[in-house]
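Peer 1: The structure that follows is given in the form of structure tokens.
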Amino acid sequence: MSSIEKSFEEFRGQEEIIDIELCTKENRIPSEGKWYRIKIGDDYYIFLKQFVSGEEILEKVGVTSTDCFWLYQKLKNHDFERISLTEKVNLAQPGIEHFVVKPTEVFNYFVDNEPEMTDKKELTPNQILEAAGITPVSDYYLVRINVDGTQESFANSPNQPIKMVCPSMKFVSVFRGEVPVS
């Protein structure tokens, strides 16, 4: 069975699919307890229930790493409003125009297995060490542990910007000096 046939089978028997964007444009209040067509980004999606979570909306558009994206709702005559993963959205709420998915604006990372966070798109190894409370930074250098297990040392480039990415990156601090022997 083709995907078009599957889509048709999924919606067969449904008396009414409410177009949320059209209701808002026409100043109509959407009916409750129906199926809902909403715009997310540039595409349209059907939801089979009135109340959906932010996570369900992200999953519908194919976002699997929900920590790396934020969902925003646009209401008529209002600014965009961020929707959390657990927040329930009432699709029959009057005034919903559309939803937008954007990359996260906050990056989580780990230094020596301790969680850290930044809203900067780039940080230098020295800034990462300092934010983790590892001082004086001149006594240490940073090593990134990549997803595949390989390592990248920043021993000779403490001020080279590192692009912060999602999901979380992992770093290890390494002491530069000699360790006294007792």
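The way I read the labels, and the way they are meant: chains A, B, ... in the order of the structure tokens, residue 1 as the first residue of every chain, and ligand 1 as the first ligand shown, with later ones counted on from there.
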Can you list, as a ChimeraX atom specification, every residue of chain A that DSSP puts in helix (DSSP H, G or I)?

Peer 2: /A:3-11,20-25,54-60,66-68,125-131,137-139

Peer 1: Mind the document's chain letters and residue numbers, and return as JSON, numbers by chain the residues of region 45-179 of chain A that DSSP labels strand (DSSP E or B).

Peer 2: {"A": [45, 46, 47, 51, 52, 53, 69, 70, 71, 72, 73, 74, 75, 80, 81, 82, 83, 88, 89, 90, 96, 97, 98, 99, 100, 101, 102, 103, 107, 108, 109, 110, 111, 114, 115, 116, 117, 118, 122, 123, 140, 141, 142, 143, 144, 145, 151, 152, 153, 162, 163, 169, 170, 171, 172, 173, 174, 175]}

Peer 1: Counting only C-alpha atoms, what is within 8 Å of Val100 (chain A), bar same-chain residues fewer than 3 positions away, as number ranges by chain?

Peer 2: A: 40-41, 71-74

Peer 1: Please provide the set of residues having any atom within 12 Å of Asp139 (chain A), restricted to only C-alpha atoms, with same-chain residues fewer than 2 positions apart removed, written as a list in words.

Peer 2: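 Those residues are Asn126, Leu129, Glu130, Ile134, Thr135, Pro136, Val137, Tyr141, Leu142, Ala155, Pro158, Ser173, Val174, Phe175, Arg176, Gly177, Glu178 and Val179 of chain A.
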
Peer 1: Take the selection from the previous step and output its residues with all heavy atoms, as a short mmCIF file (atom, residue, chain, number, x, y, z; two decimals), in the first residue's frame.

Peer 2:
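The file below, part.cif, is the result:
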data_model
loop_
_atom_site.label_atom_id
_atom_site.label_comp_id
_atom_site.auth_asym_id
_atom_site.auth_seq_id
_atom_site.Cartn_x
_atom_site.Cartn_y
_atom_site.Cartn_z
N ASN A 126 39.63 27.83 26.86
CA ASN A 126 39.85 28.54 28.13
C ASN A 126 38.52 29.01 28.75
O ASN A 126 38.35 28.95 29.96
CB ASN A 126 40.80 29.72 27.95
CG ASN A 126 42.26 29.29 27.93
OD1 ASN A 126 42.58 28.13 28.22
ND2 ASN A 126 43.14 30.20 27.58
N LEU A 129 36.89 25.95 30.31
CA LEU A 129 37.54 25.60 31.58
C LEU A 129 37.13 26.57 32.69
O LEU A 129 36.79 26.14 33.80
CB LEU A 129 39.07 25.61 31.40
CG LEU A 129 39.66 24.46 30.58
CD1 LEU A 129 41.11 24.76 30.22
CD2 LEU A 129 39.54 23.15 31.34
N GLU A 130 37.16 27.84 32.38
CA GLU A 130 36.81 28.85 33.37
C GLU A 130 35.35 28.70 33.82
O GLU A 130 35.06 28.79 35.02
CB GLU A 130 37.04 30.24 32.80
CG GLU A 130 36.95 31.34 33.84
CD GLU A 130 37.35 32.70 33.29
OE1 GLU A 130 38.11 32.77 32.31
OE2 GLU A 130 36.88 33.69 33.88
N ILE A 134 37.51 25.60 36.63
CA ILE A 134 38.85 25.02 36.62
C ILE A 134 39.85 26.15 36.40
O ILE A 134 39.99 26.67 35.30
CB ILE A 134 38.97 23.94 35.52
CG1 ILE A 134 37.96 22.83 35.80
CG2 ILE A 134 40.39 23.40 35.44
CD1 ILE A 134 37.77 21.85 34.69
N THR A 135 40.52 26.54 37.49
CA THR A 135 41.45 27.67 37.44
C THR A 135 42.72 27.33 38.21
O THR A 135 42.68 26.48 39.11
CB THR A 135 40.81 28.93 38.04
OG1 THR A 135 40.40 28.66 39.37
CG2 THR A 135 39.64 29.40 37.21
N PRO A 136 43.81 27.98 37.89
CA PRO A 136 43.96 28.90 36.77
C PRO A 136 43.96 28.12 35.46
O PRO A 136 44.56 27.05 35.37
CB PRO A 136 45.29 29.60 37.03
CG PRO A 136 46.07 28.64 37.87
CD PRO A 136 45.07 27.85 38.65
N VAL A 137 43.29 28.66 34.47
CA VAL A 137 43.15 27.95 33.19
C VAL A 137 44.50 27.71 32.51
O VAL A 137 44.64 26.75 31.76
CB VAL A 137 42.18 28.68 32.22
CG1 VAL A 137 40.78 28.65 32.75
CG2 VAL A 137 42.64 30.08 31.91
N TYR A 141 44.57 22.20 30.04
CA TYR A 141 44.10 22.28 28.66
C TYR A 141 42.89 21.37 28.54
O TYR A 141 42.60 20.54 29.41
CB TYR A 141 45.19 21.97 27.64
CG TYR A 141 45.72 20.55 27.63
CD1 TYR A 141 45.16 19.59 26.78
CD2 TYR A 141 46.80 20.19 28.43
CE1 TYR A 141 45.66 18.30 26.76
CE2 TYR A 141 47.30 18.90 28.40
CZ TYR A 141 46.72 17.95 27.57
OH TYR A 141 47.21 16.68 27.54
N LEU A 142 42.18 21.53 27.45
CA LEU A 142 40.91 20.84 27.25
C LEU A 142 41.04 19.78 26.17
O LEU A 142 41.74 19.98 25.17
CB LEU A 142 39.85 21.88 26.82
CG LEU A 142 38.39 21.52 27.02
CD1 LEU A 142 38.06 21.36 28.50
CD2 LEU A 142 37.50 22.60 26.42
N ALA A 155 45.36 21.54 23.52
CA ALA A 155 46.53 21.93 24.31
C ALA A 155 47.26 23.09 23.69
O ALA A 155 47.77 23.97 24.40
CB ALA A 155 47.47 20.74 24.47
N PRO A 158 44.36 27.16 23.03
CA PRO A 158 43.42 27.47 24.12
C PRO A 158 42.44 28.60 23.81
O PRO A 158 41.44 28.76 24.52
CB PRO A 158 44.33 27.86 25.28
CG PRO A 158 45.57 28.36 24.62
CD PRO A 158 45.72 27.54 23.36
N SER A 173 39.24 17.99 31.33
CA SER A 173 40.34 18.92 31.62
C SER A 173 41.59 18.11 31.94
O SER A 173 41.52 17.06 32.58
CB SER A 173 39.99 19.84 32.80
OG SER A 173 39.81 19.06 33.97
N VAL A 174 42.73 18.59 31.47
CA VAL A 174 44.00 17.90 31.68
C VAL A 174 44.99 18.88 32.31
O VAL A 174 45.19 19.98 31.78
CB VAL A 174 44.57 17.33 30.35
CG1 VAL A 174 45.90 16.62 30.61
CG2 VAL A 174 43.57 16.42 29.68
N PHE A 175 45.59 18.47 33.42
CA PHE A 175 46.56 19.31 34.11
C PHE A 175 47.86 19.35 33.31
O PHE A 175 48.36 18.31 32.88
CB PHE A 175 46.79 18.76 35.52
CG PHE A 175 47.70 19.61 36.35
CD1 PHE A 175 47.31 20.88 36.76
CD2 PHE A 175 48.95 19.14 36.77
CE1 PHE A 175 48.13 21.67 37.54
CE2 PHE A 175 49.78 19.93 37.54
CZ PHE A 175 49.36 21.19 37.93
N ARG A 176 48.40 20.56 33.07
CA ARG A 176 49.61 20.74 32.26
C ARG A 176 50.90 20.50 33.06
O ARG A 176 51.92 20.13 32.50
CB ARG A 176 49.70 22.16 31.72
CG ARG A 176 48.74 22.48 30.62
CD ARG A 176 48.98 23.94 30.17
NE ARG A 176 48.00 24.39 29.22
CZ ARG A 176 48.09 24.21 27.91
NH1 ARG A 176 49.13 23.60 27.40
NH2 ARG A 176 47.15 24.65 27.11
N GLY A 177 50.84 20.77 34.33
CA GLY A 177 52.06 20.76 35.15
C GLY A 177 52.47 19.39 35.60
O GLY A 177 51.86 18.38 35.27
N GLU A 178 53.51 19.39 36.38
CA GLU A 178 54.01 18.14 36.93
C GLU A 178 53.25 17.83 38.20
O GLU A 178 52.92 18.72 38.99
CB GLU A 178 55.51 18.26 37.25
CG GLU A 178 56.35 18.44 36.01
CD GLU A 178 57.82 18.55 36.34
OE1 GLU A 178 58.25 18.09 37.42
OE2 GLU A 178 58.55 19.11 35.51
N VAL A 179 53.00 16.56 38.41
CA VAL A 179 52.33 16.12 39.62
C VAL A 179 53.43 15.70 40.61
O VAL A 179 54.28 14.86 40.29
CB VAL A 179 51.38 14.93 39.32
CG1 VAL A 179 50.71 14.44 40.59
CG2 VAL A 179 50.35 15.33 38.27
#

Peer 1: So the first atom is CA of Ile83 (chain A) and the second is CA of Pro103 (chain A); what is the distance between them in Å, to one decimal place?

Peer 2: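 One can read the CA of Ile83 (chain A) to CA of Pro103 (chain A) distance as 13.4 Å.
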
Peer 1: Any idea what's packed within 10 Å of region 17-33 of chain A, counting only C-alpha atoms, ignoring anything in its chain fewer than 3 positions away? Could you give it as JSON, numbers by chain?

Peer 2: {"A": [11, 14, 36, 37, 38, 39, 44, 45, 46, 47, 48, 49, 50, 51, 75, 76, 90, 91, 92, 93, 94, 95, 96, 97, 98]}

Peer 1: Could you please determine the separation between CA of Lys88 (chain A) and CA of Gly54 (chain A) in Å, to one decimal place?

Peer 2: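 Computing it gives 6.6 Å between the two atoms.
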
Peer 1: Find the residues near region 161-166 of chain A: any atom within 6 Å, counting only C-alpha atoms, skip ones fewer than 5 places away on the same chain, and give them as a list in words.

Peer 2: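 Counting only the stated atoms, we get Cys68, Lys121, Glu122, Leu123 and Thr124 of chain A.
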
Peer 1: May I ask which of the residues A:Val172, A:Arg82, A:Met117, A:Val147 is the closest one to Phe99 (chain A), counting only C-alpha atoms?

Peer 2: A:Arg82

Peer 1: Please compute the CA of Ser157 (chain A)-CA of Tyr140 (chain A) distance, one decimal, in Å.

Peer 2: 11.8 Å
